[in-house]
Each structure stands twice: as C-alpha cells, then as structure tokens.
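*Asks:* To start, I am sharing the structure in question, which I have written as structure tokens.
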2 protein chains.
Amino acid sequence: MTKHAKPQVRDPDATRLRILAAAMREFARFGLGGARIDRIALRARSNKRMLYHYFGNKDDLFAITVENAYAEFREREAALQLDALEPVAAMRELVNFIWDYFLAHPEFITLVNSENLHKARHLKASKRNTEISRKFVGRMQALLCRGETSGVFRSGLDPVQVNISIAAIAYYYLTNQFTGSIVFERDLMSKQALAARLAFNIATVLRMVCTADTVARLEKNGELK
Amino acid sequence: MTKHAKPQVRDPDATRLRILAAAMREFARFGLGGARIDRIALRARSNKRMLYHYFGNKDDLFAITVENAYAEFREREAALQLDALEPVAAMRELVNFIWDYFLAHPEFITLVNSENLHKARHLKASKRNTEISRKFVGRMQALLCRGETSGVFRSGLDPVQVNISIAAIAYYYLTNQFTGSIVFERDLMSKQALAARLAFNIATVLRMVCTADTVARLEKNGELK
DNA sequence: GCTATAAATAACCAAATAGTTATTTGTTGG
DNA sequence: CCAACAAATAACTATTTGGTTATTTATAGC
C-alpha cells in the first residue's frame with residue numbers, strides 16, 4: 001500500500017510549545033470561560049488528546065499560561081539593569097519599559113484580567129511566581145531607596161503604591177482602549193495618542209515620586225512633558 | 001381539583017427588572033463567555049422564555065446590561081455638583097467618589113473588562129451612551145478650566161489624560177486586587193490598605209494637576225497624604 | 001532487528017448550553 | 001362576561017464542549 005503521505009514526525013517538546021502558544025492566544029482572546037479547547041488544539045496543529053496528555057485539563061493549562069506570562073514579563077523587566085542609571089532616568093526607563101511591554105503584549109493584560117475574574121486561584125498555587133514577585137518588589141524598593149538617598153525622590157514612599165500606580169496608568173489606558181475610544185470619541189491607539197500618553201505617564205510618575213525641588217528642576221529644563 | 005398553590009401573579013416590569021439584575025450579577029461574575037442564561041433565568045425567578053422574550057438573546061442582554069452600568073455611574077457622578085466646590089476640593093471629591101463607587105460596585109469594573117475583551121462592540125451601538133459620555137467629558141473640562149483660571153491647576157492639561165489617569169489608579173488597584181495581593185504578599189483590601197490607597201491616589205492626582213506653588217502650599221499644610 | 005514506550009490521531013460520549021415550540025393561565029378592553 | 005392578548009411555564013432540540021477510549025505508529029534502548 002503506497003502511503004508516503006504525511007510521514008508523521010514526532011516532537012513532544014515542539015508539540016508542547018505549540019499548544020502553549022495556542023493556549024496563550026486563545027485565553028487572551030476569549031478569557032478562560034470563552035476559550036475553546038478544540039480551537040487551541042486545532043491552532044496548535046495538534047489534537048485534544050495531546051493537550052490533555054501534557055496539561056491535564058483546561059484549568060491547569062490556563063494556570064501554566066498565566067504563570068508563564070508573568071514570568072516572562074518580570075524576566076524582561078529584570079533585564080533592564082536600572083542600577084546602572086541615576087534614579088530619575090531609571091524611573092523614566094521603567095515607566096517606558098512597562099508601557100512598551102503592555103503595548104507589545106496585549107495578551108498579558110487580558111490574561112491578568114481573566115485571572116482576576118477568577119480571583120487569582122491559579123496564580124495562588126504558583127510557587128515559582130512567589131519567588132519572581134519578591135525579586136520584582138525588591139527592585140522597586142532599591143530604586144526608591146537610591147533616589148531618596150541622593151535626594152531626588154521623596155522619603156516615605158511605599159514601593160507597593162508606586163508600583164501599582166505605574167502599572168495602573170499604562171494598563172488601564174490599554175485594557176480599556178475600546179470603551180475609552182468610544183467614551184472620549186478619540187482614537188486612543190493612534191501613533192500620536194500613544195506617544196502623548198507615554199509622555200504624560202512619565203511626567204505623572206515623576207511628579208509622584210520626586211521632591212518639590214526635583215520637580216521644579218525638571219520642569220524648568222522642559223523635562224516634564 | 002384543589003389548586004390554590006402558587007396563585008401565579010403577573011408583573012412584566014418587575015420580571016424585566018429581576019432579569020436585568022440577575023444578568024448584571026452573572027455577567028459581572030463570569031464575563032460574557034462564562035455567563036449562563038439558565039443561571040440568569042433561575043436567579044431572576046423567571047425562565048429562559050421570558051428572558052428571550054424581553055431581551056432577544058444573550059448578546060443583546062449583555063449590551064443593555066453594560067449600557068445601564070455606564071448610565072448609572074455617570075448619573076451618580078453628575079449628581080456630585082462639583083461646581084459648588086473650589087477646584088482643589090472638587091478634584092479631591094471626584095477622586096474620592098470614583099474610588100468609593102468602584103469599591104461599592106465591583107460589578108461595574110468586571111463588566112467594563114468584559115466589554116473591552118469584546119472590543120466594546122456592544123457599547124459602540126449605544127446612542128444613549130454617546131450623549132452621557134459627552135456631558136461627562138464636559139464636566140472634567142469645566143473643572144480643569146476653573147482651576148486653571150484661579151491659578152491652582154497647571155495650564156494645558158488634557159482632560160482626557162486626567163480623566164483616564166484618575167480612573168486608572170483606582171480601577172487597576174481594585175480589578176487586580178487578587179493577583180496584586182499575591183504579588184505583593186499583602187492584603188490589598190483590608191480597611192487600612194484601602195484608606196491608604198485612597199489617600200495616595202488623591203495626592204497623586206493633585207500632584208498631577210496642580211501648579212508647583214499649589215503643591216508646595218498643600219504639602220506645607222499637610223494636605224498631601 | 002525487536003520490543004517496550006509514548007507520541008499522535010480519530011472517533012466517541014455525556015453533560016451543558018443557547019435558543020424554540022407548545023401550552024397554560026392571568027389580565028384587560030369592549 | 002368573554003374574547004383577544006400577553007405573561008408565564010415546561011418540555012424540547014440541535015449543537016457545542018470538556019474530557020475519554022481505542023487504536024495506530026514512530027522511536028529509543030537493548
């Protein structure tokens with residue numbers, strides 16, 4: 001019997017990765033509830049049986065997807081080497097990075113939204129995430145400390161509040177870009193709109209963390225917006 | 001045949017409202033994709049037939065739910081009468097209101113998230129929302145203008161950027177409270193944590209919109225945090 | 001080369017789900 | 001008082017969906 005069609009190759013690692021990539025896309029696009037296992041298997045050029053073989057069930061697959069998304073985000077941020085910059089420049093760089101990352105990875109945002117809709121029950125179980133998060137919080141603490149010591153940042157700043165605020169002003173703008181563009185009757189995603197928002201965000205964060213003197217200096221030099 | 005059990009009463013308006021309330025709850029809790037028509041009908045103490053009779057289909061019901069949620073939010077904000085307060089006090093009041101509203105209406109936040117996951121296709125069709133939104137943007141514009149004229153707010157502020165930022169620092173904190181509490185290993189929803197966040201947000205917004213002189217004055221009087 | 005292992009596929013299944021049909025029963029205008 | 005209408009209910013249906021079973025087949029270790 002001639003059967004030289006589809007000489008079925010085997011590559012478990014590649015299959016796993018294709019499934020993960022397809023899952024990321026599907027969960028980001030439709031949320032956990034709206035995602036379909038069949039679509040993930042199809043797009044991964046695999047099948048449901050393999051998906052269940054490697055990942056257990058839909059919920060477990062979602063958990064791994066969310067964990068991976070966080071890990072990649074923090075890893076990229078850690079690679080910034082902010083220690084090499086003076087505090088104000090480092091803060092600018094950080095705000096800039098977060099903005100660029102969210103913009104380039106809209107799937108990260110929708111995954112986080114979906115995970116919160118489910119009360120973060122998947123992330124809660126992740127030991128790996130705990131470790132990653134601690135380092136992340138430590139980096140912000142170090143930066144604020146450095147800025148305070150050199151007199152450019154205010155004292156007594158809570159690194160958690162600062163971190164949350166930096167993420168917030170980028171995240172909200174992007175995750176709510178659709179309702180936002182309707183409410184404000186303006187294309188929030190045009191090139192100019194995006195550039196304007198980034199500039200506004202950097203200025204907002206600097207006004208938030210810098211001392212009055214530093215703000216005055218930056219303003220005078222035209223370095224705030 | 002004795003049948004004095006359940007003397008079926010009829011009240012179309014009440015049934016409609018019960019279905020809407022149940023839909024709000026269900027969509028907020030599970031998103032559009034995760035929501036179940038059966039659960040909505042059950043919780044509304046009605047049935048699927050009535051739901052389809054009054055609202056057409058799941059998508060249409062979701063659209064009305066989102067529209068209502070926006071309408072209520074804007075209506076409450078409009079009722080604040082910020083014109084009666086001097087600009088700084090008005091801004092404090094607005095930030096405070098938004099925080100309290102989001103806190104008291106978590107369903108608003110998850111509905112907006114869900115609507116954005118679906119690229120706001122439901123809200124886009126709402127004429128009613130357009131009208132409401134315009135008034136809303138106008139109010140912020142008026143407040144910023146008033147503050148600029150009296151010299152307490154900086155000039156050239158974009159009301160859209162300010163609006164988005166005010167919403168962002170409240171919204172993000174609350175919608176991501178679950179992943180946030182894990183990442184920061186801190187209960188972000190304790191009474192003290194919530195009070196601290198509100199204070200931080202008010203200070204952040206005032207630092208964002210006020211002139212350097214005004215910030216200095218507020219700081220000296222201990223009115224920033 | 002042979003065999004145990006596991007990668008891959010397809011066909012299957014029970015439960016769930018959005019949406020309908022058929023029927024009953026209050027309510028209201030003439 | 002009664003006929004037309006509309007509110008309410010229950011039973012039904014076609015399809016989808018997460019998850020399984022049965023089977024085939026490539027491959028690594030001996």
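By convention in this document, the chains of the structure tokens carry letters A, B, ... by their order, each chain's residues are numbered from 1, and ligands are numbered from 1 in the order they are shown.
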Please, which residues of chain D lie no more than 8 Å from chain A when the count uses only C-alpha atoms (C1' of nucleotides), and can they be set out as a ChimeraX atom specification?
*Replies:* /D:17-18,26
*Asks:* What would the file look like if the residues just selected were written as a PDB file, in the first residue's frame with N, CA and C atoms (P, O5', C5', C4', C3', O3' and C1' of nucleotides)?
*Replies:*
```pdb
ATOM      1  P    DT D  17     -18.202  25.609  21.301  1.00  0.00           P
ATOM      2  O5'  DT D  17     -17.833  24.678  22.526  1.00  0.00           O
ATOM      3  C5'  DT D  17     -18.639  24.733  23.711  1.00  0.00           C
ATOM      4  C4'  DT D  17     -18.148  23.699  24.703  1.00  0.00           C
ATOM      5  C3'  DT D  17     -16.664  23.366  24.565  1.00  0.00           C
ATOM      6  O3'  DT D  17     -16.007  23.597  25.781  1.00  0.00           O
ATOM      7  C1'  DT D  17     -17.964  21.397  24.682  1.00  0.00           C
ATOM      8  P    DG D  18     -14.392  23.647  25.866  1.00  0.00           P
ATOM      9  O5'  DG D  18     -14.155  22.641  27.070  1.00  0.00           O
ATOM     10  C5'  DG D  18     -14.859  22.818  28.296  1.00  0.00           C
ATOM     11  C4'  DG D  18     -14.839  21.526  29.079  1.00  0.00           C
ATOM     12  C3'  DG D  18     -13.445  20.962  29.337  1.00  0.00           C
ATOM     13  O3'  DG D  18     -13.408  20.422  30.664  1.00  0.00           O
ATOM     14  C1'  DG D  18     -14.723  19.396  28.062  1.00  0.00           C
ATOM     15  P    DA D  26       4.885   5.660  11.228  1.00  0.00           P
ATOM     16  O5'  DA D  26       6.123   6.431  11.879  1.00  0.00           O
ATOM     17  C5'  DA D  26       5.928   7.758  12.351  1.00  0.00           C
ATOM     18  C4'  DA D  26       6.699   7.968  13.633  1.00  0.00           C
ATOM     19  C3'  DA D  26       8.208   7.753  13.537  1.00  0.00           C
ATOM     20  O3'  DA D  26       8.833   8.883  14.133  1.00  0.00           O
ATOM     21  C1'  DA D  26       7.324   6.483  15.334  1.00  0.00           C
TER      22       DA D  26
END
```
*Asks:* Using only C-alpha atoms (C1' of nucleotides), find each residue of chain A with at least one atom at most 8 Å away from an atom of chain C; report its shortest atom-to-atom pair and that distance in Å (one decimal), sort the rows by chain and rising residue number, and return the result as JSON lines.
*Replies:*
```
{"residue": "A:Arg10", "atom": "CA", "partner": "C:DA7", "partner_atom": "C1'", "distance": 6.3}
{"residue": "A:Asp11", "atom": "CA", "partner": "C:DA7", "partner_atom": "C1'", "distance": 7.8}
{"residue": "A:Pro12", "atom": "CA", "partner": "C:DA7", "partner_atom": "C1'", "distance": 7.0}
{"residue": "A:Asn47", "atom": "CA", "partner": "C:DT9", "partner_atom": "C1'", "distance": 7.7}
{"residue": "A:Met50", "atom": "CA", "partner": "C:DA8", "partner_atom": "C1'", "distance": 7.6}
```
*Asks:* Give me a file of those residues, with N, CA and C atoms, as a CSV table (one decimal), in the first residue's frame.
*Replies:*
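Here's the written file result29.csv:
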```
chain,number,residue,atom,x,y,z
A,10,ARG,N,7.6,13.0,15.0
A,10,ARG,CA,7.3,13.1,16.5
A,10,ARG,C,8.2,14.1,17.1
A,11,ASP,N,7.7,15.0,17.9
A,11,ASP,CA,8.5,16.0,18.6
A,11,ASP,C,7.7,16.6,19.8
A,12,PRO,N,7.8,15.8,20.9
A,12,PRO,CA,7.0,16.2,22.1
A,12,PRO,C,7.2,17.6,22.5
A,47,ASN,N,-3.9,17.9,18.7
A,47,ASN,CA,-5.3,17.4,19.0
A,47,ASN,C,-5.6,17.4,20.5
A,50,MET,N,-3.6,15.1,23.0
A,50,MET,CA,-2.2,15.6,23.4
A,50,MET,C,-2.3,16.7,24.4
```
*Asks:* Residues of chain A within 8 Å of chain B, using only C-alpha atoms, as a VMD selection string?
*Replies:* chain A and resid 29 to 34 110 112 to 113 115 to 117 119 to 120 123 to 124 129 to 130 133 to 134 137 160 to 161 164 to 165 168 to 169 171 to 173 175 to 179 182 to 184 197 200 204 207 to 208 212 216
*Asks:* Work out how far atom CA of A:Pro87 is from atom CA of A:Cys210, in Å to one decimal.
*Replies:* 9.8 Å
*Asks:* Provide the atom CA of A:Ser190 to atom CA of B:Glu148 distance in Å, to one decimal place.
*Replies:* 28.0 Å
*Asks:* Could you write out, as a PyMOL selection string, all the residues of stretch 54-214 of chain B that DSSP marks as helix (DSSP H, G or I)?
*Replies:* chain B and resi 54-55+58-78+82-84+87-104+106-117+123-125+127-149+159-175+177-183+191-209+212-214
